[in-house]
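protein13.pdb (PDB, C-alpha atoms) appears below.
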ATOM      1  CA  MET A   1      -1.316  -3.081 -12.148  1.00  0.00           C
ATOM      2  CA  LYS A   2      -0.617  -0.764 -15.023  1.00  0.00           C
ATOM      3  CA  LYS A   3       2.997   0.255 -15.517  1.00  0.00           C
ATOM      4  CA  LYS A   4       2.363   3.908 -14.752  1.00  0.00           C
ATOM      5  CA  LEU A   5       0.890   2.944 -11.354  1.00  0.00           C
ATOM      6  CA  ARG A   6       4.043   1.140 -10.154  1.00  0.00           C
ATOM      7  CA  ILE A   7       7.252   2.288  -8.536  1.00  0.00           C
ATOM      8  CA  LYS A   8      10.095   0.036  -9.648  1.00  0.00           C
ATOM      9  CA  LYS A   9      13.344   2.027  -9.654  1.00  0.00           C
ATOM     10  CA  ASN A  10      15.555   2.154  -6.597  1.00  0.00           C
ATOM     11  CA  GLU A  11      15.990   5.936  -6.797  1.00  0.00           C
ATOM     12  CA  GLU A  12      12.211   6.395  -6.792  1.00  0.00           C
ATOM     13  CA  PHE A  13      11.955   4.203  -3.680  1.00  0.00           C
ATOM     14  CA  GLN A  14      14.744   6.178  -2.000  1.00  0.00           C
ATOM     15  CA  THR A  15      13.047   9.504  -2.809  1.00  0.00           C
ATOM     16  CA  VAL A  16       9.823   8.321  -1.175  1.00  0.00           C
ATOM     17  CA  PHE A  17      11.734   7.031   1.872  1.00  0.00           C
ATOM     18  CA  GLN A  18      13.719  10.238   2.336  1.00  0.00           C
ATOM     19  CA  LYS A  19      11.110  12.897   1.515  1.00  0.00           C
ATOM     20  CA  GLY A  20       7.862  11.128   2.353  1.00  0.00           C
ATOM     21  CA  LYS A  21       6.080  10.675   5.641  1.00  0.00           C
ATOM     22  CA  SER A  22       5.379   7.285   7.160  1.00  0.00           C
ATOM     23  CA  VAL A  23       2.390   5.760   8.888  1.00  0.00           C
ATOM     24  CA  ALA A  24       2.175   2.265  10.285  1.00  0.00           C
ATOM     25  CA  ASN A  25       0.140  -0.380  12.028  1.00  0.00           C
ATOM     26  CA  ARG A  26       1.126  -3.897  13.101  1.00  0.00           C
ATOM     27  CA  GLN A  27       1.060  -5.358   9.584  1.00  0.00           C
ATOM     28  CA  PHE A  28       2.234  -2.559   7.281  1.00  0.00           C
ATOM     29  CA  VAL A  29       4.358   0.572   7.088  1.00  0.00           C
ATOM     30  CA  ILE A  30       3.390   2.996   4.319  1.00  0.00           C
ATOM     31  CA  TYR A  31       5.579   5.846   3.140  1.00  0.00           C
ATOM     32  CA  ILE A  32       3.597   8.597   1.408  1.00  0.00           C
ATOM     33  CA  LEU A  33       5.093  11.267  -0.844  1.00  0.00           C
ATOM     34  CA  GLU A  34       2.916  14.035  -2.299  1.00  0.00           C
ATOM     35  CA  LYS A  35       3.496  14.725  -6.004  1.00  0.00           C
ATOM     36  CA  SER A  36       1.471  17.668  -7.242  1.00  0.00           C
ATOM     37  CA  ASN A  37       2.408  17.138 -10.898  1.00  0.00           C
ATOM     38  CA  GLN A  38       0.802  13.694 -11.282  1.00  0.00           C
ATOM     39  CA  ASP A  39      -2.930  13.026 -11.353  1.00  0.00           C
ATOM     40  CA  TYR A  40      -2.775   9.364 -10.304  1.00  0.00           C
ATOM     41  CA  PHE A  41      -1.196   7.404  -7.462  1.00  0.00           C
ATOM     42  CA  ARG A  42       1.701   4.954  -7.726  1.00  0.00           C
ATOM     43  CA  ILE A  43       2.594   2.101  -5.398  1.00  0.00           C
ATOM     44  CA  GLY A  44       5.801   0.268  -4.656  1.00  0.00           C
ATOM     45  CA  LEU A  45       6.011  -2.915  -2.613  1.00  0.00           C
ATOM     46  CA  SER A  46       8.774  -4.069  -0.302  1.00  0.00           C
ATOM     47  CA  ILE A  47       8.439  -7.535   1.200  1.00  0.00           C
ATOM     48  CA  SER A  48      11.487  -8.768   3.101  1.00  0.00           C
ATOM     49  CA  LYS A  49      12.790 -12.329   2.984  1.00  0.00           C
ATOM     50  CA  LYS A  50      12.310 -12.379   6.756  1.00  0.00           C
ATOM     51  CA  ILE A  51       8.547 -12.577   6.135  1.00  0.00           C
ATOM     52  CA  GLY A  52       8.652 -15.981   4.481  1.00  0.00           C
ATOM     53  CA  ASN A  53       9.578 -17.895   1.378  1.00  0.00           C
ATOM     54  CA  ALA A  54       8.859 -16.732  -2.171  1.00  0.00           C
ATOM     55  CA  VAL A  55       5.368 -18.222  -2.182  1.00  0.00           C
ATOM     56  CA  VAL A  56       4.354 -16.290   0.944  1.00  0.00           C
ATOM     57  CA  ARG A  57       5.958 -13.046  -0.260  1.00  0.00           C
ATOM     58  CA  ASN A  58       4.276 -13.237  -3.660  1.00  0.00           C
ATOM     59  CA  GLN A  59       0.923 -13.992  -2.052  1.00  0.00           C
ATOM     60  CA  ILE A  60       1.199 -10.887   0.136  1.00  0.00           C
ATOM     61  CA  LYS A  61       2.097  -8.801  -2.933  1.00  0.00           C
ATOM     62  CA  ARG A  62      -0.913 -10.142  -4.842  1.00  0.00           C
ATOM     63  CA  TYR A  63      -3.200  -9.351  -1.888  1.00  0.00           C
ATOM     64  CA  ILE A  64      -1.852  -5.789  -1.609  1.00  0.00           C
ATOM     65  CA  ARG A  65      -2.203  -5.118  -5.344  1.00  0.00           C
ATOM     66  CA  GLN A  66      -5.747  -6.488  -5.413  1.00  0.00           C
ATOM     67  CA  ALA A  67      -6.725  -4.451  -2.343  1.00  0.00           C
ATOM     68  CA  PHE A  68      -5.423  -1.273  -4.007  1.00  0.00           C
ATOM     69  CA  LEU A  69      -7.343  -2.111  -7.192  1.00  0.00           C
ATOM     70  CA  GLU A  70     -10.567  -2.541  -5.221  1.00  0.00           C
ATOM     71  CA  ILE A  71     -10.216   0.726  -3.280  1.00  0.00           C
ATOM     72  CA  LYS A  72      -8.528   2.843  -5.970  1.00  0.00           C
ATOM     73  CA  GLU A  73     -11.510   5.216  -6.327  1.00  0.00           C
ATOM     74  CA  ASP A  74     -11.180   6.182  -2.651  1.00  0.00           C
ATOM     75  CA  ILE A  75      -7.408   6.715  -2.618  1.00  0.00           C
ATOM     76  CA  ILE A  76      -6.276  10.316  -2.955  1.00  0.00           C
ATOM     77  CA  PRO A  77      -4.369  10.703  -6.265  1.00  0.00           C
ATOM     78  CA  GLY A  78      -1.145  12.618  -6.790  1.00  0.00           C
ATOM     79  CA  ARG A  79       0.892  10.603  -4.301  1.00  0.00           C
ATOM     80  CA  ASP A  80       3.461   7.835  -4.289  1.00  0.00           C
ATOM     81  CA  TYR A  81       2.996   5.017  -1.772  1.00  0.00           C
ATOM     82  CA  VAL A  82       5.652   2.518  -0.717  1.00  0.00           C
ATOM     83  CA  ILE A  83       4.164  -0.352   1.278  1.00  0.00           C
ATOM     84  CA  ILE A  84       6.424  -2.391   3.525  1.00  0.00           C
ATOM     85  CA  ALA A  85       4.965  -5.591   4.929  1.00  0.00           C
ATOM     86  CA  ARG A  86       5.793  -6.618   8.471  1.00  0.00           C
ATOM     87  CA  LYS A  87       5.995 -10.191   9.753  1.00  0.00           C
ATOM     88  CA  PRO A  88       2.344 -10.450  10.973  1.00  0.00           C
ATOM     89  CA  ALA A  89       1.134  -9.763   7.404  1.00  0.00           C
ATOM     90  CA  ALA A  90       2.190 -13.293   6.428  1.00  0.00           C
ATOM     91  CA  ASP A  91      -0.647 -14.780   8.509  1.00  0.00           C
ATOM     92  CA  LEU A  92      -3.464 -12.653   7.055  1.00  0.00           C
ATOM     93  CA  ASN A  93      -6.040 -13.576   4.446  1.00  0.00           C
ATOM     94  CA  PHE A  94      -7.050 -11.165   1.678  1.00  0.00           C
ATOM     95  CA  PHE A  95      -9.866  -9.451   3.584  1.00  0.00           C
ATOM     96  CA  GLU A  96      -7.642  -8.878   6.609  1.00  0.00           C
ATOM     97  CA  VAL A  97      -4.904  -7.408   4.366  1.00  0.00           C
ATOM     98  CA  LYS A  98      -7.424  -5.105   2.718  1.00  0.00           C
ATOM     99  CA  SER A  99      -8.862  -3.999   6.048  1.00  0.00           C
ATOM    100  CA  SER A 100      -5.397  -3.372   7.483  1.00  0.00           C
ATOM    101  CA  LEU A 101      -4.354  -1.327   4.436  1.00  0.00           C
ATOM    102  CA  ILE A 102      -7.526   0.758   4.637  1.00  0.00           C
ATOM    103  CA  HIS A 103      -6.829   1.381   8.318  1.00  0.00           C
ATOM    104  CA  VAL A 104      -3.257   2.545   7.770  1.00  0.00           C
ATOM    105  CA  LEU A 105      -4.296   4.690   4.776  1.00  0.00           C
ATOM    106  CA  LYS A 106      -6.960   6.359   6.938  1.00  0.00           C
ATOM    107  CA  VAL A 107      -4.333   7.074   9.591  1.00  0.00           C
ATOM    108  CA  GLY A 108      -2.171   8.659   6.886  1.00  0.00           C
ATOM    109  CA  LYS A 109      -5.137  10.669   5.571  1.00  0.00           C
ATOM    110  CA  SER A 110      -4.658   9.146   2.121  1.00  0.00           C
ATOM    111  CA  ILE A 111      -8.086   7.633   1.698  1.00  0.00           C
ATOM    112  CA  ASN A 112     -11.482   9.202   1.569  1.00  0.00           C
ATOM    113  CA  PRO A 113     -12.725   9.155   5.204  1.00  0.00           C
ATOM    114  CA  ARG A 114     -16.283   8.393   4.128  1.00  0.00           C
ATOM    115  CA  ILE A 115     -15.410   4.871   2.921  1.00  0.00           C
ATOM    116  CA  LYS A 116     -18.083   2.513   4.148  1.00  0.00           C
ATOM    117  CA  ASN A 117     -17.565  -0.886   5.738  1.00  0.00           C
ATOM    118  CA  GLU A 118     -19.681  -2.675   3.142  1.00  0.00           C
ATOM    119  CA  ARG A 119     -17.177  -1.622   0.468  1.00  0.00           C
ATOM    120  CA  ILE A 120     -14.345  -3.157   2.503  1.00  0.00           C
ATOM    121  CA  ASN A 121     -15.921  -6.608   2.509  1.00  0.00           C
ATOM    122  CA  LYS A 122     -16.980  -6.774  -1.154  1.00  0.00           C
TER     123      LYS A 122
END
Encoded form using C-alpha cells:
Amino acid sequence: MKKKLRIKKNEEFQTVFQKGKSVANRQFVIYILEKSNQDYFRIGLSISKKIGNAVVRNQIKRYIRQAFLEIKEDIIPGRDYVIIARKPAADLNFFEVKSSLIHVLKVGKSINPRIKNERINK
C-alpha cells in the first residue's frame, strides 16, 4: 500500500481507538474515524501474537491489504480504519478474509451498499 494510505504511528492508532466507532464480526474488529479534511482512506493493522507465529500474522496482513486494494473503489474515503484480527481469522483463506471484511465494513456503513457478490469473488 502507498505510504499515505497507512497508519503507522502509535498516536494515530490511539486517536482512532479513542474517538472512532467500532464494528465487529467473529474474525475482525474495525475502528472507524471520520476525517473530513482528507479525501482518501487510511488503514492500520493490528495482529496480536496470540493469533499465531510471524508467518501466520504476516499472511493475515497480506490478505487484508490485498482485500482493501481490490475493494478500494467501494470504500468511503475520508476515514481512518484500524483493523484488528481475531483468532478465527488465522484459519481463513483470502476469499474468506475478503468476504468477512466486506461484511464488517457494510455493518459499519463504510462501504458502498450496492457492492455485488461477483466483485467479491474476483
Legend entry - Nearest candidate to Asn25 in chain A (options A:Lys109, A:Phe94, A:Lys72, A:Pro88; using all atoms listed in the file): A:Pro88
Inset, instruction - Between CA of Lys61 in chain A and CA of Arg26 in chain A, measure the distance and give it in Å to one decimal. - result: 16.8 Å
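With all atoms listed in the file as the basis for measurement, A:Ile71 is the residue among A:Ile71, A:Asn37, A:Leu45, A:Tyr31 that approaches Ser99 in chain A most closely.
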Set the distance at 9 Å and use all atoms listed in the file: which residues neighbour range 8-10 of chain A once local chain neighbours fewer than 2 positions away are removed? I'd like the list as a short mmCIF file (atom, residue, chain, number, x, y, z; two decimals) with C-alpha atoms, keeping the file's coordinate frame.
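Output file part-v9.cif is given in full below:
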data_model
loop_
_atom_site.label_atom_id
_atom_site.label_comp_id
_atom_site.auth_asym_id
_atom_site.auth_seq_id
_atom_site.Cartn_x
_atom_site.Cartn_y
_atom_site.Cartn_z
CA ARG A 6 4.04 1.14 -10.15
CA GLU A 12 12.21 6.40 -6.79
CA PHE A 13 11.96 4.20 -3.68
CA GLN A 14 14.74 6.18 -2.00
CA THR A 15 13.05 9.50 -2.81
CA ILE A 43 2.59 2.10 -5.40
CA GLY A 44 5.80 0.27 -4.66
CA LEU A 45 6.01 -2.92 -2.61
#
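For the set A:Lys2, A:Ile47, A:Gln66, A:Phe41, the residue with the smallest atom-to-atom gap to Phe95 in chain A is A:Gln66, counting only C-alpha atoms.
Distances here use only C-alpha atoms; by that measure, the residue among A:Ile30, A:Met1, A:Asn58, A:Lys35 closest to Phe17 in chain A is A:Ile30.
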Legend entry - Pairwise distance for CA of Ile83 in chain A and CA of Ile64 in chain A, rounded to one decimal in Å: 8.6 Å
Give the padded box for range 12-18 of chain A as lines of an AutoDock Vina configuration file: axis-aligned, covering all atoms listed in the file, 5 Å on each side, centre and edge lengths in Å to one decimal.
center_x = 12.3
center_y = 7.2
center_z = -2.2
size_x = 14.9
size_y = 16.0
size_z = 19.1
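Nearest residue to Arg86 in chain A, choosing from A:Ile102, A:Ser46, A:Lys21, A:Val55 and counting all atoms listed in the file: A:Ser46.
Interatomic distance, CA of Asn112 in chain A against CA of Ile76 in chain A: 7.0 Å.
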Legend entry - Spatial neighbours of Ala89 in chain A, max dist 10 Å, all atoms listed in the file, sep filter under 4 positions, as a ChimeraX atom specification: /A:26-28,47,51,56-57,60,84-85,93,96-97,100
